[in-house]
Amino acid sequence: MPSTTTAAPITCVSSPLSAVDADLLIVPWFEDEGPSAVDGLDAASGGEDARALGQKEFSGKTFELFATSLTDRSWRARRLLLIGGGSALDDRGELARQLAAAAGLAVRNRRAERAGFVLRGRGAVVELAQAVAEGLTLSEFNVGIYKTADPPPPGAPAWTIALLHQPPDVVTRARAAVDRGRLLAECSNLARELANEPGNTLTPREFARRAAAIAAEGGVQVEILDDERIAQLGMGLLLGVARGSSEPPRLMVFRHDPPGAPASPTLGLVGKGITFDTGGISIKSADGMERMKDDMAGGAAVACAMRAIALLQAPIRVIGVVPATENMPGGRAIKPGDILKSAAGKTVEVINTDAEGRLILGDGLWYVQQLGATHLVDVATLTGAVVVALGKSTSGLFGTPPEWVEHIRRIANRAGDRVWPMPLFDDYREQLKSEIADFTNTGGRPAGSITAALFLKEFTGGRPWAHIDVAGTAWAEEARPYLPKGPTGVAVRTLAELAFTSAEWNFRT
């Protein structure tokens with residue numbers, strides 16, 4: 001089972017750079033800056049900064065690296081690593097997070113035991129400090145846990161974030177932000193650990209067990225419903241998908257109910273928990289099917305966000321629901337043309353058994369409302385169509401009313417989970433018409449991510465609802481300077497931060 005222990009705290013200091021207690025000092029450097037941009041640094045390097053800049057060995061382009069020694073013996077650090085920040089850090093902290101993650105990966109390869117990251121850039125110091133703490137923590141994730149021949153990667157260094165010339169009140173708030181960022185990114189890494197597990201180890205029952213342990217450690221109340229209880233609730237959509245597998249389904253329920261929380265609003269989070277997706281009878285092609293172990297990334301995001309929500313003591317009630325099953329083509333599997341009845345009483349004609357995520361989410365959205373949720377968000381690796389529309393770097397965002405969608409868009413982009421709003425015009429609903437049931441489970445290839453979202457909307461009861469389709473962003477298929485290949489932990493920070501913004505939910509449905 002992945003460890004859920006808390007990593008060592010990241011130290012946040014405001015002191016001269018010469019006094020930062022680190023073996024390696026990391027300094028973001030921006031294009032067009034001269035060697036005097038950071039007081040004393042060029043002299044401490046024996047003029048190496050000026051030489052590298054003058055000879056164009058280093059220019060400050062984004063993620064460019066330049067390493068040298070610090071020869072001034074009055075400085076505690078012995079080595080220097082400049083990392084290019086391009087034109088400047090943006091105001092949201094997105095680039096700060098990426099630079100810190102890239103620096104963290106580079107430092108691990110250099111085997112430094114203690115490393116200091118100098119916080120530089122435009123924007124609010126406190127927000128940048130949290131983003132840097134998140135980036136440094138995200139760099140600690142190891143994707144290759146099952147490798148036996150390769151030596152394990154070097155351990156993460158003890159981190160220090162150095163602030164430049166900040167008043168005491170800003171330093172105090174920055175330290176709290178660093179602790180918050182550390183925790184949020186740890187929870188993102190836990191979600192990455194879950195999504196990285198192969199389908200033979202992370203069955204629905206094992207997923208429920210591990211997710212329960214992760215959430216409960218943070219003080220979340222956890223209940224796991226077995227297939228008998230799921231049947232008693234009438235969840236025909238979840239049970240229908242589960243029929244083709246020898247592994248029984250599970251329904252995870254997470255509750256954060258802080259003392260003194262208002263009766264309303266109550267945030268409801270629903271995550272797709274398909275632990276392996278063959279496509280069922282409408283089977284997928286063999287090429288790339290191994291990746292379908294990450295089809296529970298939305299469920300992992302909900303479980304790990306619930307842990308963060310509890311540990312950070314969100315002031316409102318939050319309920320998380322994760323339906324979990326495999327989608328397999330066994331002898332009892334649902335077939336195209338079958339009719340399933342949801343717990344909400346709606347009937348669905350199954351046109352394609354590979355459109356199974358929306359089925360289990362339909363029952364999950366219904367149930368979270370029965371438990372008292374007033375505002376809904378679901379997260380799912382739902383459609384290939386959203387990848388066609390938005391590629392691999394942006395998640396699709398759908399929902400209603402527009403004010404709720406826009407609010408979540410701002411939260412997600414600030415958290416580093418870039419999203420883009422997509423339309424839900426009523427005429428797309430025509431594609432889901434069925435001759436014999438209330439609607440079909442797919443509207444075909446045109447606007448596939450939109451019709452999938454409209455299917456989910458049928459189960460939202462008119463409440464404020466947002467759907468985040470992370471099919472393109474839950475897994476990095478190509479390494480980037482700040483992100484290795486593998487699971488990304490997308491949406492954990494967004495869901496956790498959302499629970500602290502209820503004072504802004506002042507719109508009407």
# chains A, B, ... in the order shown; residues from 1 in each chain; ligands from 1
>>> select_by_dssp(residues="region 143-369 of chain A", states="helix (DSSP H, G or I)", output="PyMOL selection string")
chain A and resi 168-196+204-217+227-232+236-242+289-294+297-311+357-369
>>> closest_residue(among="A:Lys284, A:Lys56, A:Lys457, A:Arg307", to="Leu359 (chain A)", atoms="only C-alpha atoms")
A:Lys457
>>> residues_around(residues="Asp338 (chain A)", least_positions_apart="2", cutoff="12 Å", atoms="only C-alpha atoms", output="NGL selection string")
:A and (236-237 or 240-241 or 281 or 332-336 or 340-341 or 347-353 or 434 or 436-437 or 440-441)
>>> closest_atom_pairs(of="region 77-130 of chain A", to="region 154-175 of chain A", cutoff="12 Å", atoms="only C-alpha atoms", output="JSON lines")
{"residue": "A:Ala77", "atom": "CA", "partner": "A:Thr160", "partner_atom": "CA", "distance": 11.8}
{"residue": "A:Ala100", "atom": "CA", "partner": "A:Ile161", "partner_atom": "CA", "distance": 10.1}
{"residue": "A:Ala101", "atom": "CA", "partner": "A:Ala156", "partner_atom": "CA", "distance": 11.7}
{"residue": "A:Ala103", "atom": "CA", "partner": "A:Trp159", "partner_atom": "CA", "distance": 11.4}
{"residue": "A:Gly104", "atom": "CA", "partner": "A:Ala156", "partner_atom": "CA", "distance": 8.0}
{"residue": "A:Leu105", "atom": "CA", "partner": "A:Ala156", "partner_atom": "CA", "distance": 8.9}
{"residue": "A:Ala106", "atom": "CA", "partner": "A:Ala156", "partner_atom": "CA", "distance": 10.7}
{"residue": "A:Val107", "atom": "CA", "partner": "A:Pro157", "partner_atom": "CA", "distance": 7.9}
{"residue": "A:Arg108", "atom": "CA", "partner": "A:Pro154", "partner_atom": "CA", "distance": 5.9}
{"residue": "A:Asn109", "atom": "CA", "partner": "A:Pro154", "partner_atom": "CA", "distance": 7.2}
{"residue": "A:Arg110", "atom": "CA", "partner": "A:Pro154", "partner_atom": "CA", "distance": 8.8}
{"residue": "A:Arg111", "atom": "CA", "partner": "A:Pro154", "partner_atom": "CA", "distance": 6.3}
{"residue": "A:Ala112", "atom": "CA", "partner": "A:Pro157", "partner_atom": "CA", "distance": 6.0}
{"residue": "A:Glu113", "atom": "CA", "partner": "A:Pro157", "partner_atom": "CA", "distance": 4.5}
{"residue": "A:Arg114", "atom": "CA", "partner": "A:Ala158", "partner_atom": "CA", "distance": 4.7}
{"residue": "A:Ala115", "atom": "CA", "partner": "A:Trp159", "partner_atom": "CA", "distance": 5.2}
{"residue": "A:Gly116", "atom": "CA", "partner": "A:Thr160", "partner_atom": "CA", "distance": 4.5}
{"residue": "A:Phe117", "atom": "CA", "partner": "A:Ile161", "partner_atom": "CA", "distance": 4.8}
{"residue": "A:Val118", "atom": "CA", "partner": "A:Ala162", "partner_atom": "CA", "distance": 4.7}
{"residue": "A:Leu119", "atom": "CA", "partner": "A:Leu163", "partner_atom": "CA", "distance": 5.5}
{"residue": "A:Arg120", "atom": "CA", "partner": "A:Leu164", "partner_atom": "CA", "distance": 7.7}
{"residue": "A:Gly121", "atom": "CA", "partner": "A:Leu164", "partner_atom": "CA", "distance": 10.5}
{"residue": "A:Ala124", "atom": "CA", "partner": "A:Val170", "partner_atom": "CA", "distance": 9.8}
{"residue": "A:Val125", "atom": "CA", "partner": "A:Ala174", "partner_atom": "CA", "distance": 7.0}
{"residue": "A:Val126", "atom": "CA", "partner": "A:Ala174", "partner_atom": "CA", "distance": 4.6}
{"residue": "A:Glu127", "atom": "CA", "partner": "A:Ala174", "partner_atom": "CA", "distance": 7.8}
{"residue": "A:Leu128", "atom": "CA", "partner": "A:Ala174", "partner_atom": "CA", "distance": 8.6}
{"residue": "A:Ala129", "atom": "CA", "partner": "A:Ala174", "partner_atom": "CA", "distance": 5.9}
{"residue": "A:Gln130", "atom": "CA", "partner": "A:Ala174", "partner_atom": "CA", "distance": 7.4}
>>> write_last_selection(atoms="N, CA and C atoms", output="PDB file, in the first residue's frame")
ATOM      1  N   ALA A  77      25.960  27.965   0.911  1.00  0.00           N
ATOM      2  CA  ALA A  77      25.792  27.082  -0.244  1.00  0.00           C
ATOM      3  C   ALA A  77      27.094  26.996  -1.020  1.00  0.00           C
ATOM      4  N   ALA A 100       9.612  25.279 -10.123  1.00  0.00           N
ATOM      5  CA  ALA A 100      10.018  24.579  -8.908  1.00  0.00           C
ATOM      6  C   ALA A 100      10.047  23.073  -9.144  1.00  0.00           C
ATOM      7  N   ALA A 101       9.050  22.545  -9.866  1.00  0.00           N
ATOM      8  CA  ALA A 101       9.035  21.114 -10.149  1.00  0.00           C
ATOM      9  C   ALA A 101      10.218  20.722 -11.033  1.00  0.00           C
ATOM     10  N   ALA A 103      13.066  22.291 -11.263  1.00  0.00           N
ATOM     11  CA  ALA A 103      14.262  22.390 -10.437  1.00  0.00           C
ATOM     12  C   ALA A 103      14.379  21.194  -9.502  1.00  0.00           C
ATOM     13  N   GLY A 104      13.244  20.757  -8.943  1.00  0.00           N
ATOM     14  CA  GLY A 104      13.262  19.606  -8.056  1.00  0.00           C
ATOM     15  C   GLY A 104      13.739  18.349  -8.755  1.00  0.00           C
ATOM     16  N   LEU A 105      13.282  18.127  -9.982  1.00  0.00           N
ATOM     17  CA  LEU A 105      13.737  16.966 -10.743  1.00  0.00           C
ATOM     18  C   LEU A 105      15.223  17.061 -11.052  1.00  0.00           C
ATOM     19  N   ALA A 106      15.683  18.264 -11.391  1.00  0.00           N
ATOM     20  CA  ALA A 106      17.109  18.455 -11.688  1.00  0.00           C
ATOM     21  C   ALA A 106      17.965  18.240 -10.449  1.00  0.00           C
ATOM     22  N   VAL A 107      17.494  18.686  -9.312  1.00  0.00           N
ATOM     23  CA  VAL A 107      18.257  18.554  -8.066  1.00  0.00           C
ATOM     24  C   VAL A 107      18.398  17.089  -7.675  1.00  0.00           C
ATOM     25  N   ARG A 108      17.351  16.303  -7.862  1.00  0.00           N
ATOM     26  CA  ARG A 108      17.429  14.890  -7.505  1.00  0.00           C
ATOM     27  C   ARG A 108      18.506  14.191  -8.328  1.00  0.00           C
ATOM     28  N   ASN A 109      18.656  14.578  -9.585  1.00  0.00           N
ATOM     29  CA  ASN A 109      19.712  13.993 -10.412  1.00  0.00           C
ATOM     30  C   ASN A 109      21.100  14.422  -9.947  1.00  0.00           C
ATOM     31  N   ARG A 110      21.177  15.557  -9.262  1.00  0.00           N
ATOM     32  CA  ARG A 110      22.456  16.055  -8.758  1.00  0.00           C
ATOM     33  C   ARG A 110      22.742  15.595  -7.328  1.00  0.00           C
ATOM     34  N   ARG A 111      21.797  14.872  -6.745  1.00  0.00           N
ATOM     35  CA  ARG A 111      21.977  14.228  -5.442  1.00  0.00           C
ATOM     36  C   ARG A 111      22.355  15.214  -4.331  1.00  0.00           C
ATOM     37  N   ALA A 112      21.729  16.357  -4.315  1.00  0.00           N
ATOM     38  CA  ALA A 112      21.939  17.304  -3.216  1.00  0.00           C
ATOM     39  C   ALA A 112      21.092  16.884  -2.025  1.00  0.00           C
ATOM     40  N   GLU A 113      21.655  16.959  -0.834  1.00  0.00           N
ATOM     41  CA  GLU A 113      20.904  16.596   0.371  1.00  0.00           C
ATOM     42  C   GLU A 113      20.090  17.758   0.905  1.00  0.00           C
ATOM     43  N   ARG A 114      20.574  18.979   0.673  1.00  0.00           N
ATOM     44  CA  ARG A 114      19.858  20.171   1.121  1.00  0.00           C
ATOM     45  C   ARG A 114      19.853  21.169  -0.039  1.00  0.00           C
ATOM     46  N   ALA A 115      18.676  21.675  -0.369  1.00  0.00           N
ATOM     47  CA  ALA A 115      18.557  22.586  -1.503  1.00  0.00           C
ATOM     48  C   ALA A 115      17.693  23.779  -1.128  1.00  0.00           C
ATOM     49  N   GLY A 116      18.088  24.942  -1.612  1.00  0.00           N
ATOM     50  CA  GLY A 116      17.314  26.156  -1.383  1.00  0.00           C
ATOM     51  C   GLY A 116      16.793  26.705  -2.699  1.00  0.00           C
ATOM     52  N   PHE A 117      15.516  27.094  -2.709  1.00  0.00           N
ATOM     53  CA  PHE A 117      14.892  27.689  -3.901  1.00  0.00           C
ATOM     54  C   PHE A 117      14.583  29.144  -3.588  1.00  0.00           C
ATOM     55  N   VAL A 118      15.135  30.052  -4.383  1.00  0.00           N
ATOM     56  CA  VAL A 118      14.946  31.481  -4.160  1.00  0.00           C
ATOM     57  C   VAL A 118      13.664  31.925  -4.849  1.00  0.00           C
ATOM     58  N   LEU A 119      12.755  32.500  -4.095  1.00  0.00           N
ATOM     59  CA  LEU A 119      11.472  32.925  -4.653  1.00  0.00           C
ATOM     60  C   LEU A 119      11.642  34.286  -5.319  1.00  0.00           C
ATOM     61  N   ARG A 120      11.504  34.284  -6.636  1.00  0.00           N
ATOM     62  CA  ARG A 120      11.607  35.508  -7.430  1.00  0.00           C
ATOM     63  C   ARG A 120      10.480  35.554  -8.441  1.00  0.00           C
ATOM     64  N   GLY A 121      10.070  36.753  -8.824  1.00  0.00           N
ATOM     65  CA  GLY A 121       9.094  36.919  -9.882  1.00  0.00           C
ATOM     66  C   GLY A 121       8.031  37.923  -9.534  1.00  0.00           C
ATOM     67  N   ALA A 124       1.934  38.027  -6.252  1.00  0.00           N
ATOM     68  CA  ALA A 124       1.877  38.035  -4.800  1.00  0.00           C
ATOM     69  C   ALA A 124       2.844  37.003  -4.228  1.00  0.00           C
ATOM     70  N   VAL A 125       3.660  37.439  -3.285  1.00  0.00           N
ATOM     71  CA  VAL A 125       4.677  36.570  -2.698  1.00  0.00           C
ATOM     72  C   VAL A 125       4.044  35.342  -2.062  1.00  0.00           C
ATOM     73  N   VAL A 126       2.943  35.513  -1.344  1.00  0.00           N
ATOM     74  CA  VAL A 126       2.314  34.399  -0.640  1.00  0.00           C
ATOM     75  C   VAL A 126       1.809  33.355  -1.635  1.00  0.00           C
ATOM     76  N   GLU A 127       1.174  33.806  -2.700  1.00  0.00           N
ATOM     77  CA  GLU A 127       0.667  32.870  -3.697  1.00  0.00           C
ATOM     78  C   GLU A 127       1.813  32.146  -4.398  1.00  0.00           C
ATOM     79  N   LEU A 128       2.880  32.878  -4.715  1.00  0.00           N
ATOM     80  CA  LEU A 128       4.028  32.246  -5.353  1.00  0.00           C
ATOM     81  C   LEU A 128       4.692  31.242  -4.418  1.00  0.00           C
ATOM     82  N   ALA A 129       4.736  31.553  -3.121  1.00  0.00           N
ATOM     83  CA  ALA A 129       5.352  30.633  -2.161  1.00  0.00           C
ATOM     84  C   ALA A 129       4.601  29.312  -2.123  1.00  0.00           C
ATOM     85  N   GLN A 130       3.265  29.366  -2.134  1.00  0.00           N
ATOM     86  CA  GLN A 130       2.492  28.122  -2.147  1.00  0.00           C
ATOM     87  C   GLN A 130       2.744  27.353  -3.430  1.00  0.00           C
TER      88      GLN A 130
END
>>> closest_atom_pairs(of="region 298-328 of chain A", to="region 210-224 of chain A", cutoff="8 Å", atoms="only C-alpha atoms", output="CSV")
residue,atom,partner,partner_atom,distance
A:Ala300,CA,A:Ala211,CA,7.2
A:Ala303,CA,A:Ala211,CA,5.9
A:Cys304,CA,A:Ala215,CA,6.3
A:Met306,CA,A:Ala215,CA,6.2
A:Arg307,CA,A:Ala215,CA,4.5
A:Ala308,CA,A:Gly218,CA,7.1
A:Ala310,CA,A:Gly218,CA,5.8
A:Leu311,CA,A:Gly218,CA,5.3
>>> closest_residue(among="A:Pro204, A:Leu361, A:Asn196, A:Val143", to="Leu238 (chain A)", atoms="only C-alpha atoms")
A:Leu361
>>> closest_residue(among="A:Ala380, A:Leu65, A:Ala286, A:Leu70", to="Gly47 (chain A)", atoms="only C-alpha atoms")
A:Leu70
>>> residues_around(residues="region 27-30 of chain A", least_positions_apart="3", cutoff="12 Å", atoms="only C-alpha atoms", output="PyMOL selection string")
chain A and resi 17+24+33-39+41-42+49+53+58-68+79-90+95-100+102-103+115-122+132+161-164
>>> residues_around(residues="region 462-477 of chain A", least_positions_apart="4", cutoff="8 Å", atoms="only C-alpha atoms", output="VMD selection string")
chain A and resid 294 297 to 298 374 to 384 386 to 387 390 to 401 404 to 405 408 419 449 453 457 483 to 490 509
>>> closest_residue(among="A:Thr137, A:Ser502, A:Thr148, A:Asn327", to="Ser188 (chain A)", atoms="only C-alpha atoms")
A:Thr137
>>> closest_residue(among="A:Asp295, A:Asp257, A:Asp354, A:Asp179", to="Gly280 (chain A)", atoms="only C-alpha atoms")
A:Asp354
>>> select_by_dssp(residues="region 277-458 of chain A", states="strand (DSSP E or B)", output="ChimeraX atom specification")
/A:277,317-327,339-341,347-349,375-380,395-400,419-421,439-440
>>> closest_residue(among="A:Leu424, A:Gly448, A:Pro265, A:Ile360", to="Ala373 (chain A)", atoms="only C-alpha atoms")
A:Pro265
>>> atom_distance(atom1="CA of Ser18 (chain A)", atom2="CA of Glu48 (chain A)")
16.5 Å
>>> decode(residues="region 144-158 of chain A", atoms="N, CA, C and O atoms", output="CSV table (one decimal), in the first residue's frame")
chain,number,residue,atom,x,y,z
A,144,GLY,N,8.4,4.7,-11.1
A,144,GLY,CA,9.0,3.4,-11.4
A,144,GLY,C,9.1,2.5,-10.1
A,144,GLY,O,10.1,1.9,-9.9
A,145,ILE,N,8.0,2.4,-9.4
A,145,ILE,CA,8.1,1.7,-8.1
A,145,ILE,C,8.2,0.2,-8.3
A,145,ILE,O,8.6,-0.5,-7.3
A,146,TYR,N,7.9,-0.3,-9.5
A,146,TYR,CA,8.0,-1.8,-9.7
A,146,TYR,C,9.3,-2.2,-10.4
A,146,TYR,O,9.5,-3.4,-10.6
A,147,LYS,N,10.2,-1.3,-10.6
A,147,LYS,CA,11.5,-1.7,-11.2
A,147,LYS,C,12.4,-2.3,-10.2
A,147,LYS,O,12.5,-1.8,-9.0
A,148,THR,N,12.9,-3.5,-10.6
A,148,THR,CA,13.8,-4.2,-9.6
A,148,THR,C,15.3,-4.1,-10.0
A,148,THR,O,16.2,-4.3,-9.2
A,149,ALA,N,15.6,-4.0,-11.3
A,149,ALA,CA,17.0,-3.9,-11.8
A,149,ALA,C,17.6,-2.6,-11.6
A,149,ALA,O,18.8,-2.5,-11.3
A,150,ASP,N,16.8,-1.5,-11.8
A,150,ASP,CA,17.4,-0.2,-11.7
A,150,ASP,C,17.5,0.3,-10.2
A,150,ASP,O,16.6,-0.1,-9.4
A,151,PRO,N,18.5,1.0,-9.9
A,151,PRO,CA,18.6,1.5,-8.5
A,151,PRO,C,17.5,2.5,-8.3
A,151,PRO,O,17.0,3.2,-9.2
A,152,PRO,N,17.0,2.6,-7.0
A,152,PRO,CA,15.9,3.6,-6.8
A,152,PRO,C,16.4,5.0,-7.0
A,152,PRO,O,17.6,5.3,-6.8
A,153,PRO,N,15.6,5.9,-7.3
A,153,PRO,CA,16.0,7.3,-7.6
A,153,PRO,C,16.5,7.9,-6.3
A,153,PRO,O,16.1,7.5,-5.2
A,154,PRO,N,17.4,8.9,-6.4
A,154,PRO,CA,17.8,9.5,-5.1
A,154,PRO,C,16.7,10.1,-4.4
A,154,PRO,O,15.7,10.6,-4.9
A,155,GLY,N,16.8,10.2,-3.1
A,155,GLY,CA,15.8,10.8,-2.2
A,155,GLY,C,15.7,12.3,-2.4
A,155,GLY,O,16.7,12.9,-2.9
A,156,ALA,N,14.6,12.8,-2.1
A,156,ALA,CA,14.4,14.3,-2.2
A,156,ALA,C,15.2,15.0,-1.2
A,156,ALA,O,15.4,14.5,-0.1
A,157,PRO,N,15.8,16.2,-1.5
A,157,PRO,CA,16.5,16.9,-0.5
A,157,PRO,C,15.6,17.6,0.5
A,157,PRO,O,14.4,17.6,0.4
A,158,ALA,N,16.3,18.0,1.6
A,158,ALA,CA,15.6,18.9,2.5
A,158,ALA,C,15.5,20.3,1.9
A,158,ALA,O,16.5,20.9,1.5
